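Student: Below is the file query_39.pdb, with PDB, C-alpha atoms.
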```
ATOM      1  CA  LEU A   1      28.374  26.191  -2.090  1.00  0.00           C
ATOM      2  CA  ARG A   2      27.894  29.721  -0.825  1.00  0.00           C
ATOM      3  CA  ARG A   3      24.696  31.387  -2.051  1.00  0.00           C
ATOM      4  CA  GLN A   4      26.670  34.177  -3.725  1.00  0.00           C
ATOM      5  CA  ASP A   5      28.679  31.611  -5.739  1.00  0.00           C
ATOM      6  CA  SER A   6      25.684  29.860  -7.299  1.00  0.00           C
ATOM      7  CA  ASN A   7      25.998  31.850 -10.544  1.00  0.00           C
ATOM      8  CA  ASN A   8      29.803  31.710 -10.709  1.00  0.00           C
ATOM      9  CA  ASP A   9      30.962  29.153 -13.300  1.00  0.00           C
ATOM     10  CA  LYS A  10      34.481  29.241 -11.807  1.00  0.00           C
ATOM     11  CA  VAL A  11      33.279  27.808  -8.478  1.00  0.00           C
ATOM     12  CA  ASP A  12      32.821  24.041  -8.500  1.00  0.00           C
ATOM     13  CA  ALA A  13      29.718  22.824  -6.703  1.00  0.00           C
ATOM     14  CA  GLY A  14      30.269  19.125  -7.352  1.00  0.00           C
ATOM     15  CA  GLU A  15      30.178  17.159 -10.537  1.00  0.00           C
ATOM     16  CA  ILE A  16      27.831  14.584 -11.945  1.00  0.00           C
ATOM     17  CA  GLY A  17      29.142  12.800 -15.016  1.00  0.00           C
ATOM     18  CA  ALA A  18      27.212  12.586 -18.269  1.00  0.00           C
ATOM     19  CA  GLY A  19      24.691   9.749 -18.152  1.00  0.00           C
ATOM     20  CA  HIS A  20      24.517   9.696 -14.342  1.00  0.00           C
ATOM     21  CA  THR A  21      21.564  10.716 -12.231  1.00  0.00           C
ATOM     22  CA  VAL A  22      21.228  12.144  -8.749  1.00  0.00           C
ATOM     23  CA  THR A  23      18.160  12.283  -6.560  1.00  0.00           C
ATOM     24  CA  ALA A  24      17.796  15.126  -4.084  1.00  0.00           C
ATOM     25  CA  LEU A  25      15.034  14.999  -1.498  1.00  0.00           C
ATOM     26  CA  TYR A  26      13.889  18.097   0.320  1.00  0.00           C
ATOM     27  CA  GLU A  27      11.401  18.565   3.095  1.00  0.00           C
ATOM     28  CA  ILE A  28       9.350  21.664   2.463  1.00  0.00           C
ATOM     29  CA  THR A  29       8.635  23.660   5.597  1.00  0.00           C
ATOM     30  CA  PRO A  30       6.021  26.425   5.384  1.00  0.00           C
ATOM     31  CA  VAL A  31       7.462  29.895   5.897  1.00  0.00           C
ATOM     32  CA  ASP A  32       5.494  30.504   9.093  1.00  0.00           C
ATOM     33  CA  SER A  33       6.308  27.101  10.628  1.00  0.00           C
ATOM     34  CA  LYS A  34       8.141  26.851  13.946  1.00  0.00           C
ATOM     35  CA  ALA A  35       9.959  23.844  12.439  1.00  0.00           C
ATOM     36  CA  ARG A  36      11.882  26.069  10.020  1.00  0.00           C
ATOM     37  CA  LEU A  37      15.624  25.416  10.367  1.00  0.00           C
ATOM     38  CA  VAL A  38      17.109  27.879   7.855  1.00  0.00           C
ATOM     39  CA  ASP A  39      17.010  31.615   7.348  1.00  0.00           C
ATOM     40  CA  PRO A  40      14.105  32.949   5.290  1.00  0.00           C
ATOM     41  CA  LEU A  41      14.848  33.800   1.677  1.00  0.00           C
ATOM     42  CA  ARG A  42      12.296  33.839  -1.124  1.00  0.00           C
ATOM     43  CA  TYR A  43       9.172  33.203   0.941  1.00  0.00           C
ATOM     44  CA  GLN A  44       9.191  35.480   3.969  1.00  0.00           C
ATOM     45  CA  PRO A  45       6.260  36.946   5.880  1.00  0.00           C
ATOM     46  CA  GLY A  46       5.671  40.524   4.819  1.00  0.00           C
ATOM     47  CA  ALA A  47       7.689  40.159   1.603  1.00  0.00           C
ATOM     48  CA  ALA A  48       6.149  41.066  -1.719  1.00  0.00           C
ATOM     49  CA  PRO A  49       4.646  37.925  -3.307  1.00  0.00           C
ATOM     50  CA  ILE A  50       6.873  36.249  -5.882  1.00  0.00           C
ATOM     51  CA  GLY A  51       5.535  33.684  -8.306  1.00  0.00           C
ATOM     52  CA  ALA A  52       2.138  31.985  -8.085  1.00  0.00           C
ATOM     53  CA  PRO A  53       0.206  32.115  -4.791  1.00  0.00           C
ATOM     54  CA  ASP A  54       0.400  28.310  -4.418  1.00  0.00           C
ATOM     55  CA  GLU A  55       4.173  28.166  -5.012  1.00  0.00           C
ATOM     56  CA  TYR A  56       6.056  26.221  -2.294  1.00  0.00           C
ATOM     57  CA  ALA A  57       9.572  26.428  -3.612  1.00  0.00           C
ATOM     58  CA  PHE A  58      11.659  27.525  -6.546  1.00  0.00           C
ATOM     59  CA  VAL A  59      14.403  25.201  -7.781  1.00  0.00           C
ATOM     60  CA  ARG A  60      17.412  26.556  -9.622  1.00  0.00           C
ATOM     61  CA  LEU A  61      19.899  24.147 -11.158  1.00  0.00           C
ATOM     62  CA  ARG A  62      22.976  25.076 -13.115  1.00  0.00           C
ATOM     63  CA  TYR A  63      24.697  22.609 -15.396  1.00  0.00           C
ATOM     64  CA  LYS A  64      27.375  22.529 -18.068  1.00  0.00           C
ATOM     65  CA  LEU A  65      27.272  20.399 -21.144  1.00  0.00           C
ATOM     66  CA  PRO A  66      30.447  18.337 -21.699  1.00  0.00           C
ATOM     67  CA  GLY A  67      33.166  20.626 -23.048  1.00  0.00           C
ATOM     68  CA  ALA A  68      31.135  23.803 -22.443  1.00  0.00           C
ATOM     69  CA  ALA A  69      32.694  26.805 -20.711  1.00  0.00           C
ATOM     70  CA  GLU A  70      29.468  28.414 -19.532  1.00  0.00           C
ATOM     71  CA  SER A  71      26.693  26.894 -17.475  1.00  0.00           C
ATOM     72  CA  ARG A  72      23.017  26.821 -18.309  1.00  0.00           C
ATOM     73  CA  LEU A  73      20.265  27.532 -15.817  1.00  0.00           C
ATOM     74  CA  ILE A  74      17.041  25.600 -15.247  1.00  0.00           C
ATOM     75  CA  GLU A  75      14.426  27.226 -13.012  1.00  0.00           C
ATOM     76  CA  ILE A  76      11.343  25.320 -11.906  1.00  0.00           C
ATOM     77  CA  PRO A  77       8.639  26.464  -9.482  1.00  0.00           C
ATOM     78  CA  VAL A  78       7.208  23.804  -7.148  1.00  0.00           C
ATOM     79  CA  SER A  79       3.536  24.278  -6.362  1.00  0.00           C
ATOM     80  CA  ALA A  80       0.429  22.499  -5.155  1.00  0.00           C
ATOM     81  CA  ARG A  81      -0.008  20.820  -8.549  1.00  0.00           C
ATOM     82  CA  ASP A  82       3.259  18.940  -7.863  1.00  0.00           C
ATOM     83  CA  GLU A  83       1.923  17.630  -4.554  1.00  0.00           C
ATOM     84  CA  PHE A  84       0.758  14.051  -3.925  1.00  0.00           C
ATOM     85  CA  SER A  85      -2.175  13.445  -1.609  1.00  0.00           C
ATOM     86  CA  THR A  86      -0.424  10.468  -0.005  1.00  0.00           C
ATOM     87  CA  LEU A  87       2.963   8.798  -0.155  1.00  0.00           C
ATOM     88  CA  ALA A  88       1.311   5.862  -1.933  1.00  0.00           C
ATOM     89  CA  ALA A  89       0.219   8.263  -4.705  1.00  0.00           C
ATOM     90  CA  ALA A  90       3.819   9.339  -5.398  1.00  0.00           C
ATOM     91  CA  PRO A  91       5.738   7.788  -8.307  1.00  0.00           C
ATOM     92  CA  THR A  92       7.563   4.508  -7.657  1.00  0.00           C
ATOM     93  CA  ASP A  93      11.055   5.998  -7.977  1.00  0.00           C
ATOM     94  CA  LEU A  94      10.240   8.793  -5.519  1.00  0.00           C
ATOM     95  CA  ARG A  95       8.851   6.324  -2.962  1.00  0.00           C
ATOM     96  CA  PHE A  96      11.938   4.130  -3.299  1.00  0.00           C
ATOM     97  CA  ALA A  97      14.232   7.153  -2.920  1.00  0.00           C
ATOM     98  CA  ALA A  98      12.296   8.149   0.213  1.00  0.00           C
ATOM     99  CA  ALA A  99      12.889   4.651   1.643  1.00  0.00           C
ATOM    100  CA  VAL A 100      16.635   4.935   0.963  1.00  0.00           C
ATOM    101  CA  ALA A 101      16.769   8.395   2.560  1.00  0.00           C
ATOM    102  CA  ALA A 102      14.820   7.168   5.599  1.00  0.00           C
ATOM    103  CA  PHE A 103      17.222   4.237   5.965  1.00  0.00           C
ATOM    104  CA  GLY A 104      20.179   6.634   6.031  1.00  0.00           C
ATOM    105  CA  GLN A 105      18.445   8.782   8.625  1.00  0.00           C
ATOM    106  CA  LEU A 106      17.600   5.733  10.758  1.00  0.00           C
ATOM    107  CA  LEU A 107      21.205   4.486  10.631  1.00  0.00           C
ATOM    108  CA  GLN A 108      22.320   7.916  11.869  1.00  0.00           C
ATOM    109  CA  HIS A 109      19.795   7.725  14.729  1.00  0.00           C
ATOM    110  CA  SER A 110      18.146  10.874  13.395  1.00  0.00           C
ATOM    111  CA  THR A 111      15.196  12.278  15.279  1.00  0.00           C
ATOM    112  CA  TYR A 112      13.459  12.981  11.963  1.00  0.00           C
ATOM    113  CA  THR A 113      12.414   9.346  11.440  1.00  0.00           C
ATOM    114  CA  LYS A 114      10.504   9.383  14.747  1.00  0.00           C
ATOM    115  CA  ASP A 115       8.731   5.985  14.930  1.00  0.00           C
ATOM    116  CA  PHE A 116       9.367   5.105  11.261  1.00  0.00           C
ATOM    117  CA  GLY A 117      11.468   1.961  11.653  1.00  0.00           C
ATOM    118  CA  PHE A 118      13.220  -0.740   9.663  1.00  0.00           C
ATOM    119  CA  ASP A 119       9.974  -2.612   8.925  1.00  0.00           C
ATOM    120  CA  ASP A 120       8.358   0.579   7.609  1.00  0.00           C
ATOM    121  CA  ILE A 121      11.366   1.278   5.394  1.00  0.00           C
ATOM    122  CA  ALA A 122      11.488  -2.295   4.065  1.00  0.00           C
ATOM    123  CA  GLY A 123       7.748  -2.178   3.356  1.00  0.00           C
ATOM    124  CA  LEU A 124       7.983   1.156   1.545  1.00  0.00           C
ATOM    125  CA  ALA A 125      10.987   0.034  -0.510  1.00  0.00           C
ATOM    126  CA  ASN A 126       9.481  -3.371  -1.310  1.00  0.00           C
ATOM    127  CA  ALA A 127       6.230  -1.784  -2.496  1.00  0.00           C
ATOM    128  CA  ALA A 128       8.251   0.607  -4.684  1.00  0.00           C
ATOM    129  CA  ARG A 129      10.631  -1.920  -6.234  1.00  0.00           C
ATOM    130  CA  GLY A 130       9.034  -1.500  -9.636  1.00  0.00           C
ATOM    131  CA  GLU A 131      11.189  -2.575 -12.552  1.00  0.00           C
ATOM    132  CA  ASP A 132      14.300  -4.087 -10.927  1.00  0.00           C
ATOM    133  CA  ALA A 133      16.195  -5.783 -13.750  1.00  0.00           C
ATOM    134  CA  GLN A 134      19.528  -5.846 -11.894  1.00  0.00           C
ATOM    135  CA  GLY A 135      18.002  -6.726  -8.520  1.00  0.00           C
ATOM    136  CA  TYR A 136      19.483  -3.680  -6.772  1.00  0.00           C
ATOM    137  CA  ARG A 137      16.199  -2.677  -5.179  1.00  0.00           C
ATOM    138  CA  ALA A 138      15.571  -6.192  -3.887  1.00  0.00           C
ATOM    139  CA  GLU A 139      19.116  -6.160  -2.506  1.00  0.00           C
ATOM    140  CA  PHE A 140      18.373  -2.898  -0.709  1.00  0.00           C
ATOM    141  CA  VAL A 141      15.310  -4.463   0.949  1.00  0.00           C
ATOM    142  CA  ARG A 142      17.510  -7.382   2.090  1.00  0.00           C
ATOM    143  CA  LEU A 143      20.049  -4.889   3.476  1.00  0.00           C
ATOM    144  CA  VAL A 144      17.329  -3.114   5.469  1.00  0.00           C
ATOM    145  CA  ARG A 145      16.151  -6.446   6.889  1.00  0.00           C
ATOM    146  CA  LEU A 146      19.739  -7.364   7.832  1.00  0.00           C
ATOM    147  CA  ALA A 147      20.149  -4.030   9.597  1.00  0.00           C
ATOM    148  CA  ALA A 148      16.862  -4.630  11.437  1.00  0.00           C
ATOM    149  CA  ASP A 149      18.031  -8.077  12.550  1.00  0.00           C
ATOM    150  CA  SER A 150      21.361  -6.637  13.675  1.00  0.00           C
ATOM    151  CA  ALA A 151      19.696  -3.835  15.632  1.00  0.00           C
ATOM    152  CA  GLN A 152      17.346  -6.278  17.309  1.00  0.00           C
ATOM    153  CA  ASN A 153      20.237  -8.622  18.090  1.00  0.00           C
ATOM    154  CA  GLN A 154      22.170  -5.766  19.723  1.00  0.00           C
ATOM    155  CA  ALA A 155      19.117  -4.661  21.700  1.00  0.00           C
ATOM    156  CA  PHE A 156      18.692  -8.124  23.187  1.00  0.00           C
ATOM    157  CA  GLY A 157      22.363  -8.807  23.947  1.00  0.00           C
ATOM    158  CA  GLY A 158      22.975 -11.144  21.022  1.00  0.00           C
ATOM    159  CA  PRO A 159      26.364 -11.783  19.413  1.00  0.00           C
ATOM    160  CA  ALA A 160      26.449  -8.357  17.751  1.00  0.00           C
ATOM    161  CA  ALA A 161      26.052  -6.680  21.157  1.00  0.00           C
ATOM    162  CA  ARG A 162      28.997  -8.606  22.612  1.00  0.00           C
ATOM    163  CA  ARG A 163      31.478  -7.522  19.920  1.00  0.00           C
TER     164      ARG A 163
END
```
Please lay out the structure from this file as structure tokens.
Tutor:
Amino acid sequence: LRRQDSNNDKVDAGEIGAGHTVTALYEITPVDSKARLVDPLRYQPGAAPIGAPDEYAFVRLRYKLPGAAESRLIEIPVSARDEFSTLAAAPTDLRFAAAVAAFGQLLQHSTYTKDFGFDDIAGLANAARGEDAQGYRAEFVRLVRLAADSAQNQAFGGPAARR
């Protein structure tokens, strides 16, 4: 979605059906960081302050109710009060989502996971299984362990490496 189309109800930005949920994870990079990968927008050095001094980000989400012609806007500032001192202090669902995102990054051989490996992901996900009535989270942990076994097998010339 182009930035200029974010308020245009005629431009489709993807649909999520009623009753479904989506989790989006973002890494917040301070405005003066050399790790910044995108152009500055709201928080730029020298710009007039917007929002609270401890504000990290500002989330805007547009949605339409079923059958509605016009979208509604939700705007939420993200600040230090939304921060967790450690990953272990974050809510269970957020920690599990982080494990799933890390697994995707690891499978893509991303440099962002650095030395965070399959065992770390399985441990994070297992500790964040929480209520798992359908067993999907336990199944994810098994999938991570299978991927770890496969990667190790390939590294040591096992059957997977000879395929």
Student: Measuring atom to atom with all atoms listed in the file, identify which of A:Glu27, A:Asp93, A:Glu83, A:Glu15 is nearest to Arg62 (chain A).
Tutor: A:Glu15
Student: On this structure, the PyMOL selection byres ((chain A and resi 63) around 9) would catch which residues? List them as an MDAnalysis selection string, sorted by chain and number.
Tutor: chainID A and resid 61:62 64:65 70:74
Student: What does the distance between CA of Ala102 (chain A) and CA of Ala128 (chain A) come to in Å, to one decimal place?
Tutor: 13.9 Å
Student: Restricting the calculation to only C-alpha atoms: of A:Gly17, A:Leu143, A:Ala35, A:Phe96, which residue gets closest to Glu131 (chain A)?
Tutor: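 Of A:Gly17, A:Leu143, A:Ala35, A:Phe96, the one nearest Glu131 (chain A) is A:Phe96, counting only C-alpha atoms.
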Student: Evaluate the PyMOL selection byres ((chain A and resi 26) around 12) here and jot the selected residues down as a ChimeraX atom specification.
Tutor: /A:23-25,27-29,56-59,78,94,97-98,101
Student: Check the smallest atom-to-atom distance from each of A:Asp115, A:Asp82, A:Asp12, A:Asp120 to Asp54 (chain A) using all atoms listed in the file, then report the winner.
Tutor: A:Asp82
